[in-house]
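Enquirer: This is start-v8.pdb, which holds PDB, C-alpha atoms:
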```pdb
ATOM      1  CA  MET A   1     -33.062 -55.182 -95.927  1.00  0.00           C
ATOM      2  CA  THR A   2     -33.363 -58.676 -94.482  1.00  0.00           C
ATOM      3  CA  ASN A   3     -36.311 -60.661 -93.277  1.00  0.00           C
ATOM      4  CA  ARG A   4     -34.779 -63.147 -90.846  1.00  0.00           C
ATOM      5  CA  GLN A   5     -36.892 -65.494 -88.790  1.00  0.00           C
ATOM      6  CA  TRP A   6     -37.429 -64.459 -85.182  1.00  0.00           C
ATOM      7  CA  ASN A   7     -36.255 -66.901 -82.494  1.00  0.00           C
ATOM      8  CA  PRO A   8     -37.565 -66.174 -78.956  1.00  0.00           C
ATOM      9  CA  GLU A   9     -34.658 -68.010 -77.285  1.00  0.00           C
ATOM     10  CA  ASN A  10     -32.133 -65.548 -78.725  1.00  0.00           C
ATOM     11  CA  ILE A  11     -33.720 -62.416 -77.275  1.00  0.00           C
ATOM     12  CA  ASP A  12     -32.300 -60.712 -74.200  1.00  0.00           C
ATOM     13  CA  ARG A  13     -35.105 -60.767 -71.649  1.00  0.00           C
ATOM     14  CA  VAL A  14     -35.740 -57.633 -69.573  1.00  0.00           C
ATOM     15  CA  GLU A  15     -35.878 -59.812 -66.454  1.00  0.00           C
ATOM     16  CA  ASN A  16     -32.311 -61.007 -67.119  1.00  0.00           C
ATOM     17  CA  LEU A  17     -30.748 -57.564 -67.420  1.00  0.00           C
ATOM     18  CA  THR A  18     -28.194 -56.391 -64.911  1.00  0.00           C
ATOM     19  CA  TYR A  19     -29.736 -53.269 -63.416  1.00  0.00           C
ATOM     20  CA  MET A  20     -27.626 -50.451 -62.054  1.00  0.00           C
ATOM     21  CA  PRO A  21     -28.850 -49.419 -58.591  1.00  0.00           C
ATOM     22  CA  LEU A  22     -29.719 -45.866 -57.598  1.00  0.00           C
ATOM     23  CA  GLU A  23     -27.538 -43.911 -55.192  1.00  0.00           C
ATOM     24  CA  ARG A  24     -27.966 -45.025 -51.560  1.00  0.00           C
ATOM     25  CA  ASN A  25     -28.890 -41.479 -50.493  1.00  0.00           C
ATOM     26  CA  TYR A  26     -32.035 -41.743 -52.593  1.00  0.00           C
ATOM     27  CA  LEU A  27     -33.492 -44.011 -49.891  1.00  0.00           C
ATOM     28  CA  LYS A  28     -33.191 -41.049 -47.509  1.00  0.00           C
ATOM     29  CA  VAL A  29     -34.999 -38.883 -50.071  1.00  0.00           C
ATOM     30  CA  MET A  30     -37.787 -41.461 -50.243  1.00  0.00           C
ATOM     31  CA  PHE A  31     -38.108 -41.473 -46.432  1.00  0.00           C
ATOM     32  CA  LEU A  32     -38.112 -37.665 -46.309  1.00  0.00           C
ATOM     33  CA  LYS A  33     -40.746 -37.299 -49.040  1.00  0.00           C
ATOM     34  CA  THR A  34     -43.012 -39.982 -47.607  1.00  0.00           C
ATOM     35  CA  GLY A  35     -42.630 -38.763 -44.033  1.00  0.00           C
ATOM     36  CA  SER A  36     -43.366 -35.175 -45.056  1.00  0.00           C
ATOM     37  CA  ALA A  37     -46.488 -36.225 -46.935  1.00  0.00           C
ATOM     38  CA  TYR A  38     -47.832 -38.144 -43.942  1.00  0.00           C
ATOM     39  CA  VAL A  39     -47.051 -35.310 -41.521  1.00  0.00           C
ATOM     40  CA  CYS A  40     -49.011 -32.923 -43.761  1.00  0.00           C
ATOM     41  CA  MET A  41     -51.907 -35.371 -43.995  1.00  0.00           C
ATOM     42  CA  MET A  42     -51.892 -35.844 -40.217  1.00  0.00           C
ATOM     43  CA  LEU A  43     -52.074 -32.098 -39.643  1.00  0.00           C
ATOM     44  CA  LEU A  44     -55.238 -31.706 -41.732  1.00  0.00           C
ATOM     45  CA  PRO A  45     -57.625 -33.552 -39.372  1.00  0.00           C
ATOM     46  CA  LEU A  46     -56.583 -31.192 -36.578  1.00  0.00           C
ATOM     47  CA  PHE A  47     -58.828 -28.588 -38.212  1.00  0.00           C
ATOM     48  CA  LEU A  48     -61.730 -30.641 -36.828  1.00  0.00           C
ATOM     49  CA  LEU A  49     -60.901 -29.165 -33.425  1.00  0.00           C
ATOM     50  CA  LEU A  50     -62.014 -25.784 -34.775  1.00  0.00           C
ATOM     51  CA  ALA A  51     -65.446 -27.117 -35.704  1.00  0.00           C
ATOM     52  CA  GLU A  52     -68.253 -26.143 -33.355  1.00  0.00           C
ATOM     53  CA  GLY A  53     -71.286 -28.260 -32.799  1.00  0.00           C
ATOM     54  CA  LEU A  54     -69.615 -31.482 -33.936  1.00  0.00           C
ATOM     55  CA  ASP A  55     -70.358 -34.001 -31.193  1.00  0.00           C
ATOM     56  CA  CYS A  56     -67.922 -36.741 -32.125  1.00  0.00           C
ATOM     57  CA  LYS A  57     -64.957 -34.690 -33.324  1.00  0.00           C
ATOM     58  CA  TRP A  58     -62.531 -36.371 -30.899  1.00  0.00           C
ATOM     59  CA  THR A  59     -63.578 -39.838 -32.070  1.00  0.00           C
ATOM     60  CA  ILE A  60     -63.191 -38.837 -35.717  1.00  0.00           C
ATOM     61  CA  LEU A  61     -59.836 -37.222 -34.967  1.00  0.00           C
ATOM     62  CA  VAL A  62     -58.448 -40.248 -33.100  1.00  0.00           C
ATOM     63  CA  CYS A  63     -59.683 -42.706 -35.759  1.00  0.00           C
ATOM     64  CA  THR A  64     -58.302 -40.621 -38.622  1.00  0.00           C
ATOM     65  CA  GLU A  65     -54.936 -40.061 -36.957  1.00  0.00           C
ATOM     66  CA  SER A  66     -54.677 -43.768 -36.046  1.00  0.00           C
ATOM     67  CA  ALA A  67     -55.409 -44.835 -39.614  1.00  0.00           C
ATOM     68  CA  LEU A  68     -52.870 -42.351 -41.013  1.00  0.00           C
ATOM     69  CA  LEU A  69     -50.230 -43.408 -38.489  1.00  0.00           C
ATOM     70  CA  THR A  70     -50.757 -47.075 -39.357  1.00  0.00           C
ATOM     71  CA  ALA A  71     -50.506 -46.309 -43.085  1.00  0.00           C
ATOM     72  CA  ALA A  72     -47.356 -44.245 -42.502  1.00  0.00           C
ATOM     73  CA  VAL A  73     -45.619 -46.995 -40.528  1.00  0.00           C
ATOM     74  CA  LEU A  74     -46.545 -49.598 -43.149  1.00  0.00           C
ATOM     75  CA  ASN A  75     -45.448 -47.366 -46.023  1.00  0.00           C
ATOM     76  CA  LEU A  76     -42.158 -46.384 -44.367  1.00  0.00           C
ATOM     77  CA  SER A  77     -41.376 -50.025 -43.563  1.00  0.00           C
ATOM     78  CA  LEU A  78     -41.787 -50.965 -47.252  1.00  0.00           C
ATOM     79  CA  LEU A  79     -39.524 -48.190 -48.575  1.00  0.00           C
ATOM     80  CA  PRO A  80     -36.210 -50.112 -48.283  1.00  0.00           C
ATOM     81  CA  ARG A  81     -37.638 -52.978 -50.320  1.00  0.00           C
ATOM     82  CA  SER A  82     -39.047 -50.549 -52.857  1.00  0.00           C
ATOM     83  CA  PHE A  83     -35.665 -48.859 -53.132  1.00  0.00           C
ATOM     84  CA  SER A  84     -33.869 -52.161 -53.726  1.00  0.00           C
ATOM     85  CA  ASN A  85     -36.200 -52.927 -56.646  1.00  0.00           C
ATOM     86  CA  LYS A  86     -35.463 -49.657 -58.452  1.00  0.00           C
ATOM     87  CA  GLY A  87     -32.767 -49.619 -61.097  1.00  0.00           C
ATOM     88  CA  PHE A  88     -31.936 -48.943 -64.715  1.00  0.00           C
ATOM     89  CA  ALA A  89     -30.158 -50.727 -67.526  1.00  0.00           C
ATOM     90  CA  ILE A  90     -28.759 -49.238 -70.701  1.00  0.00           C
ATOM     91  CA  ARG A  91     -28.428 -51.443 -73.764  1.00  0.00           C
ATOM     92  CA  GLU A  92     -27.282 -50.772 -77.296  1.00  0.00           C
ATOM     93  CA  HIS A  93     -30.655 -49.551 -78.596  1.00  0.00           C
ATOM     94  CA  ASP A  94     -32.733 -48.780 -75.488  1.00  0.00           C
ATOM     95  CA  ILE A  95     -32.873 -47.874 -71.813  1.00  0.00           C
ATOM     96  CA  THR A  96     -34.944 -49.716 -69.202  1.00  0.00           C
ATOM     97  CA  TYR A  97     -36.129 -48.502 -65.780  1.00  0.00           C
ATOM     98  CA  ARG A  98     -37.753 -50.843 -63.273  1.00  0.00           C
ATOM     99  CA  SER A  99     -39.555 -50.174 -59.997  1.00  0.00           C
ATOM    100  CA  GLY A 100     -42.261 -51.487 -57.699  1.00  0.00           C
ATOM    101  CA  ILE A 101     -42.792 -54.064 -54.995  1.00  0.00           C
ATOM    102  CA  ILE A 102     -46.292 -55.420 -55.433  1.00  0.00           C
ATOM    103  CA  PHE A 103     -46.957 -53.969 -58.864  1.00  0.00           C
ATOM    104  CA  ARG A 104     -43.559 -54.278 -60.523  1.00  0.00           C
ATOM    105  CA  SER A 105     -43.031 -52.405 -63.736  1.00  0.00           C
ATOM    106  CA  SER A 106     -40.280 -52.156 -66.290  1.00  0.00           C
ATOM    107  CA  VAL A 107     -40.343 -49.383 -68.855  1.00  0.00           C
ATOM    108  CA  THR A 108     -38.109 -49.812 -71.887  1.00  0.00           C
ATOM    109  CA  ILE A 109     -37.662 -46.861 -74.205  1.00  0.00           C
ATOM    110  CA  PRO A 110     -35.931 -47.302 -77.563  1.00  0.00           C
ATOM    111  CA  PHE A 111     -33.475 -44.501 -78.281  1.00  0.00           C
ATOM    112  CA  CYS A 112     -35.161 -43.828 -81.627  1.00  0.00           C
ATOM    113  CA  LYS A 113     -38.390 -42.840 -79.802  1.00  0.00           C
ATOM    114  CA  ILE A 114     -36.826 -40.395 -77.340  1.00  0.00           C
ATOM    115  CA  GLN A 115     -37.781 -36.779 -77.992  1.00  0.00           C
ATOM    116  CA  GLN A 116     -36.249 -34.988 -75.017  1.00  0.00           C
ATOM    117  CA  VAL A 117     -33.820 -35.671 -72.177  1.00  0.00           C
ATOM    118  CA  SER A 118     -33.382 -33.342 -69.218  1.00  0.00           C
ATOM    119  CA  ILE A 119     -31.869 -33.352 -65.759  1.00  0.00           C
ATOM    120  CA  GLY A 120     -33.676 -31.958 -62.762  1.00  0.00           C
ATOM    121  CA  GLN A 121     -33.884 -31.746 -58.998  1.00  0.00           C
ATOM    122  CA  ASN A 122     -36.660 -31.198 -56.508  1.00  0.00           C
ATOM    123  CA  PRO A 123     -36.244 -29.704 -53.028  1.00  0.00           C
ATOM    124  CA  PHE A 124     -35.781 -33.134 -51.442  1.00  0.00           C
ATOM    125  CA  THR A 125     -33.150 -34.396 -53.897  1.00  0.00           C
ATOM    126  CA  ARG A 126     -31.334 -31.064 -53.750  1.00  0.00           C
ATOM    127  CA  ILE A 127     -30.687 -31.625 -50.024  1.00  0.00           C
ATOM    128  CA  PHE A 128     -28.724 -34.789 -50.841  1.00  0.00           C
ATOM    129  CA  GLY A 129     -27.189 -33.555 -54.103  1.00  0.00           C
ATOM    130  CA  LEU A 130     -29.085 -36.023 -56.264  1.00  0.00           C
ATOM    131  CA  TYR A 131     -30.551 -35.568 -59.731  1.00  0.00           C
ATOM    132  CA  THR A 132     -33.234 -37.113 -61.924  1.00  0.00           C
ATOM    133  CA  VAL A 133     -32.925 -37.817 -65.635  1.00  0.00           C
ATOM    134  CA  ASP A 134     -36.286 -37.168 -67.297  1.00  0.00           C
ATOM    135  CA  ILE A 135     -36.873 -38.923 -70.619  1.00  0.00           C
ATOM    136  CA  VAL A 136     -39.763 -37.910 -72.873  1.00  0.00           C
ATOM    137  CA  ASN A 137     -40.627 -40.346 -75.640  1.00  0.00           C
ATOM    138  CA  GLY A 138     -43.051 -40.443 -78.528  1.00  0.00           C
ATOM    139  CA  ALA A 139     -45.530 -42.804 -76.883  1.00  0.00           C
ATOM    140  CA  GLN A 140     -48.838 -41.306 -75.863  1.00  0.00           C
ATOM    141  CA  PHE A 141     -49.517 -43.632 -72.933  1.00  0.00           C
ATOM    142  CA  LEU A 142     -46.135 -43.389 -71.208  1.00  0.00           C
ATOM    143  CA  ALA A 143     -45.028 -39.964 -72.358  1.00  0.00           C
ATOM    144  CA  GLY A 144     -42.269 -39.650 -69.799  1.00  0.00           C
ATOM    145  CA  THR A 145     -40.001 -41.742 -67.627  1.00  0.00           C
ATOM    146  CA  ALA A 146     -37.798 -40.477 -64.816  1.00  0.00           C
ATOM    147  CA  ILE A 147     -34.680 -42.139 -63.457  1.00  0.00           C
ATOM    148  CA  PRO A 148     -34.201 -40.631 -59.987  1.00  0.00           C
ATOM    149  CA  GLY A 149     -31.428 -40.871 -57.419  1.00  0.00           C
ATOM    150  CA  LEU A 150     -28.351 -40.165 -59.529  1.00  0.00           C
ATOM    151  CA  THR A 151     -25.252 -38.146 -58.822  1.00  0.00           C
ATOM    152  CA  GLU A 152     -24.709 -35.104 -61.026  1.00  0.00           C
ATOM    153  CA  GLU A 153     -21.872 -36.805 -62.899  1.00  0.00           C
ATOM    154  CA  LYS A 154     -23.886 -39.976 -63.553  1.00  0.00           C
ATOM    155  CA  ALA A 155     -26.954 -37.957 -64.633  1.00  0.00           C
ATOM    156  CA  GLU A 156     -24.877 -35.866 -67.057  1.00  0.00           C
ATOM    157  CA  GLU A 157     -23.194 -39.009 -68.380  1.00  0.00           C
ATOM    158  CA  ILE A 158     -26.537 -40.754 -69.000  1.00  0.00           C
ATOM    159  CA  LYS A 159     -28.014 -37.655 -70.612  1.00  0.00           C
ATOM    160  CA  ALA A 160     -25.042 -37.266 -72.961  1.00  0.00           C
ATOM    161  CA  PHE A 161     -25.106 -40.964 -73.842  1.00  0.00           C
ATOM    162  CA  ILE A 162     -28.847 -40.912 -74.594  1.00  0.00           C
ATOM    163  CA  ILE A 163     -28.509 -37.800 -76.749  1.00  0.00           C
ATOM    164  CA  GLU A 164     -25.641 -39.355 -78.686  1.00  0.00           C
ATOM    165  CA  ARG A 165     -27.490 -42.650 -79.169  1.00  0.00           C
ATOM    166  CA  THR A 166     -30.650 -40.802 -80.204  1.00  0.00           C
ATOM    167  CA  LYS A 167     -28.713 -39.003 -82.943  1.00  0.00           C
ATOM    168  CA  ASN A 168     -27.191 -42.292 -84.146  1.00  0.00           C
ATOM    169  CA  GLU A 169     -30.504 -44.182 -84.070  1.00  0.00           C
ATOM    170  CA  ASN A 170     -32.331 -41.517 -86.054  1.00  0.00           C
ATOM    171  CA  ASP A 171     -29.693 -41.239 -88.799  1.00  0.00           C
TER     172      ASP A 171
END
```
Please re-express this file's structure in structure tokens.
Expert:
Amino acid sequence: MTNRQWNPENIDRVENLTYMPLERNYLKVMFLKTGSAYVCMMLLPLFLLLAEGLDCKWTILVCTESALLTAAVLNLSLLPRSFSNKGFAIREHDITYRSGIIFRSSVTIPFCKIQQVSIGQNPFTRIFGLYTVDIVNGAQFLAGTAIPGLTEEKAEEIKAFIIERTKNEND
């Protein structure tokens, strides 16, 4: 065992990594999921029309629908930028996933801490043939990280690589 001095200049910074982008079709998934959520939310206030004895139901309905429509347009206009900020990088001893526009985050998981790796789909990603690699680690705060928007081949390749590296790191 060695006890070498640590030099901050020699460390690969997470900000300097070359991130692999997600599949372009994942942007369509993001639009579909967000649009569906807003449509569902915009349908809920329509139940106000069933209320009897509510004097200002049309005012409440118009204000609520206007606010939701404004939020939907703003959210949908930010999705392309959000998509361009998503990506992952695999290094020798860890995997990093980044996301976010305003509140950017990068999650780095050492292979030695990974407990489980799985591949999954939801109804929206299934439409476009995309998969998500779910990584469960030993940390209590960030127990799981998902890398969405991958083709089946890429997801299987990442899963196999992580499993292999996990075996090697823990030996």
Enquirer: Apply the PyMOL selection byres ((chain A and resi 64-67) around 10) to the file shown and report the selected residues as a list in words.
Expert: Met41, Met42, Leu43, Leu44, Pro45, Leu46, Trp58, Thr59, Ile60, Leu61, Val62, Cys63, Leu68, Leu69, Thr70, Ala71 and Ala72 of chain A
Enquirer: Those selected residues, please, written with C-alpha atoms and delivered as an mmCIF file, in the frame of the given file.
Expert:
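The file below, selection37.cif, is the result:
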```cif
data_model
loop_
_atom_site.group_PDB
_atom_site.id
_atom_site.type_symbol
_atom_site.label_atom_id
_atom_site.label_comp_id
_atom_site.auth_asym_id
_atom_site.auth_seq_id
_atom_site.Cartn_x
_atom_site.Cartn_y
_atom_site.Cartn_z
ATOM 1 C CA MET A 41 -51.907 -35.371 -43.995
ATOM 2 C CA MET A 42 -51.892 -35.844 -40.217
ATOM 3 C CA LEU A 43 -52.074 -32.098 -39.643
ATOM 4 C CA LEU A 44 -55.238 -31.706 -41.732
ATOM 5 C CA PRO A 45 -57.625 -33.552 -39.372
ATOM 6 C CA LEU A 46 -56.583 -31.192 -36.578
ATOM 7 C CA TRP A 58 -62.531 -36.371 -30.899
ATOM 8 C CA THR A 59 -63.578 -39.838 -32.070
ATOM 9 C CA ILE A 60 -63.191 -38.837 -35.717
ATOM 10 C CA LEU A 61 -59.836 -37.222 -34.967
ATOM 11 C CA VAL A 62 -58.448 -40.248 -33.100
ATOM 12 C CA CYS A 63 -59.683 -42.706 -35.759
ATOM 13 C CA LEU A 68 -52.870 -42.351 -41.013
ATOM 14 C CA LEU A 69 -50.230 -43.408 -38.489
ATOM 15 C CA THR A 70 -50.757 -47.075 -39.357
ATOM 16 C CA ALA A 71 -50.506 -46.309 -43.085
ATOM 17 C CA ALA A 72 -47.356 -44.245 -42.502
#
```
Enquirer: Using all atoms listed in the file, which residue out of A:Asn75, A:Ser99, A:Thr18, A:Thr151 lies closest to Gln121 of chain A?
Expert: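 Closest to Gln121 of chain A of all the choices is A:Thr151.
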Enquirer: Quick one: of A:Lys154, A:Arg126, A:Arg98, A:Arg165, who's nearest to Pro110 of chain A, counting only C-alpha atoms?
Expert: A:Arg165
Enquirer: With the PyMOL selection byres ((chain A and resi 83) around 12) as the selection, what would be picked from this file? Answer as a PDB file with C-alpha atoms, keeping the file's coordinate frame, please.
Expert:
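And here is the file that came out, part.pdb:
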```
ATOM      1  CA  PRO A  21     -28.850 -49.419 -58.591  1.00  0.00           C
ATOM      2  CA  LEU A  22     -29.719 -45.866 -57.598  1.00  0.00           C
ATOM      3  CA  GLU A  23     -27.538 -43.911 -55.192  1.00  0.00           C
ATOM      4  CA  ARG A  24     -27.966 -45.025 -51.560  1.00  0.00           C
ATOM      5  CA  ASN A  25     -28.890 -41.479 -50.493  1.00  0.00           C
ATOM      6  CA  TYR A  26     -32.035 -41.743 -52.593  1.00  0.00           C
ATOM      7  CA  LEU A  27     -33.492 -44.011 -49.891  1.00  0.00           C
ATOM      8  CA  LYS A  28     -33.191 -41.049 -47.509  1.00  0.00           C
ATOM      9  CA  VAL A  29     -34.999 -38.883 -50.071  1.00  0.00           C
ATOM     10  CA  MET A  30     -37.787 -41.461 -50.243  1.00  0.00           C
ATOM     11  CA  PHE A  31     -38.108 -41.473 -46.432  1.00  0.00           C
ATOM     12  CA  LEU A  76     -42.158 -46.384 -44.367  1.00  0.00           C
ATOM     13  CA  SER A  77     -41.376 -50.025 -43.563  1.00  0.00           C
ATOM     14  CA  LEU A  78     -41.787 -50.965 -47.252  1.00  0.00           C
ATOM     15  CA  LEU A  79     -39.524 -48.190 -48.575  1.00  0.00           C
ATOM     16  CA  PRO A  80     -36.210 -50.112 -48.283  1.00  0.00           C
ATOM     17  CA  ARG A  81     -37.638 -52.978 -50.320  1.00  0.00           C
ATOM     18  CA  SER A  82     -39.047 -50.549 -52.857  1.00  0.00           C
ATOM     19  CA  SER A  84     -33.869 -52.161 -53.726  1.00  0.00           C
ATOM     20  CA  ASN A  85     -36.200 -52.927 -56.646  1.00  0.00           C
ATOM     21  CA  LYS A  86     -35.463 -49.657 -58.452  1.00  0.00           C
ATOM     22  CA  GLY A  87     -32.767 -49.619 -61.097  1.00  0.00           C
ATOM     23  CA  ARG A  98     -37.753 -50.843 -63.273  1.00  0.00           C
ATOM     24  CA  SER A  99     -39.555 -50.174 -59.997  1.00  0.00           C
ATOM     25  CA  GLY A 100     -42.261 -51.487 -57.699  1.00  0.00           C
ATOM     26  CA  ILE A 101     -42.792 -54.064 -54.995  1.00  0.00           C
ATOM     27  CA  PRO A 148     -34.201 -40.631 -59.987  1.00  0.00           C
ATOM     28  CA  GLY A 149     -31.428 -40.871 -57.419  1.00  0.00           C
TER      29      GLY A 149
END
```
Enquirer: For each of A:Phe88, A:Trp6, A:Tyr38, A:Phe47, take the minimum atom-to-atom distance to Tyr19 of chain A, counting all atoms listed in the file, then give the residue where this is smallest.
Expert: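 The closest residue to Tyr19 of chain A is A:Phe88.
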Enquirer: Between atom CA of Ala37 of chain A and atom CA of Val107 of chain A, measure the distance and give it in Å to one decimal.
Expert: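 The value is 26.3 Å.
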Enquirer: For Asp134 of chain A, work out the shell of residues within 6 Å, counting all atoms listed in the file and skipping chain neighbours fewer than 5 positions away, then give it as a ChimeraX atom specification.
Expert: /A:117-118,145-146
Enquirer: Taking the file as shown, what set of residues would the PyMOL selection byres ((chain A and resi 93) around 12) give back, as number ranges by chain?
Expert: A: 89-92, 94-96, 108-114, 161-162, 164-170
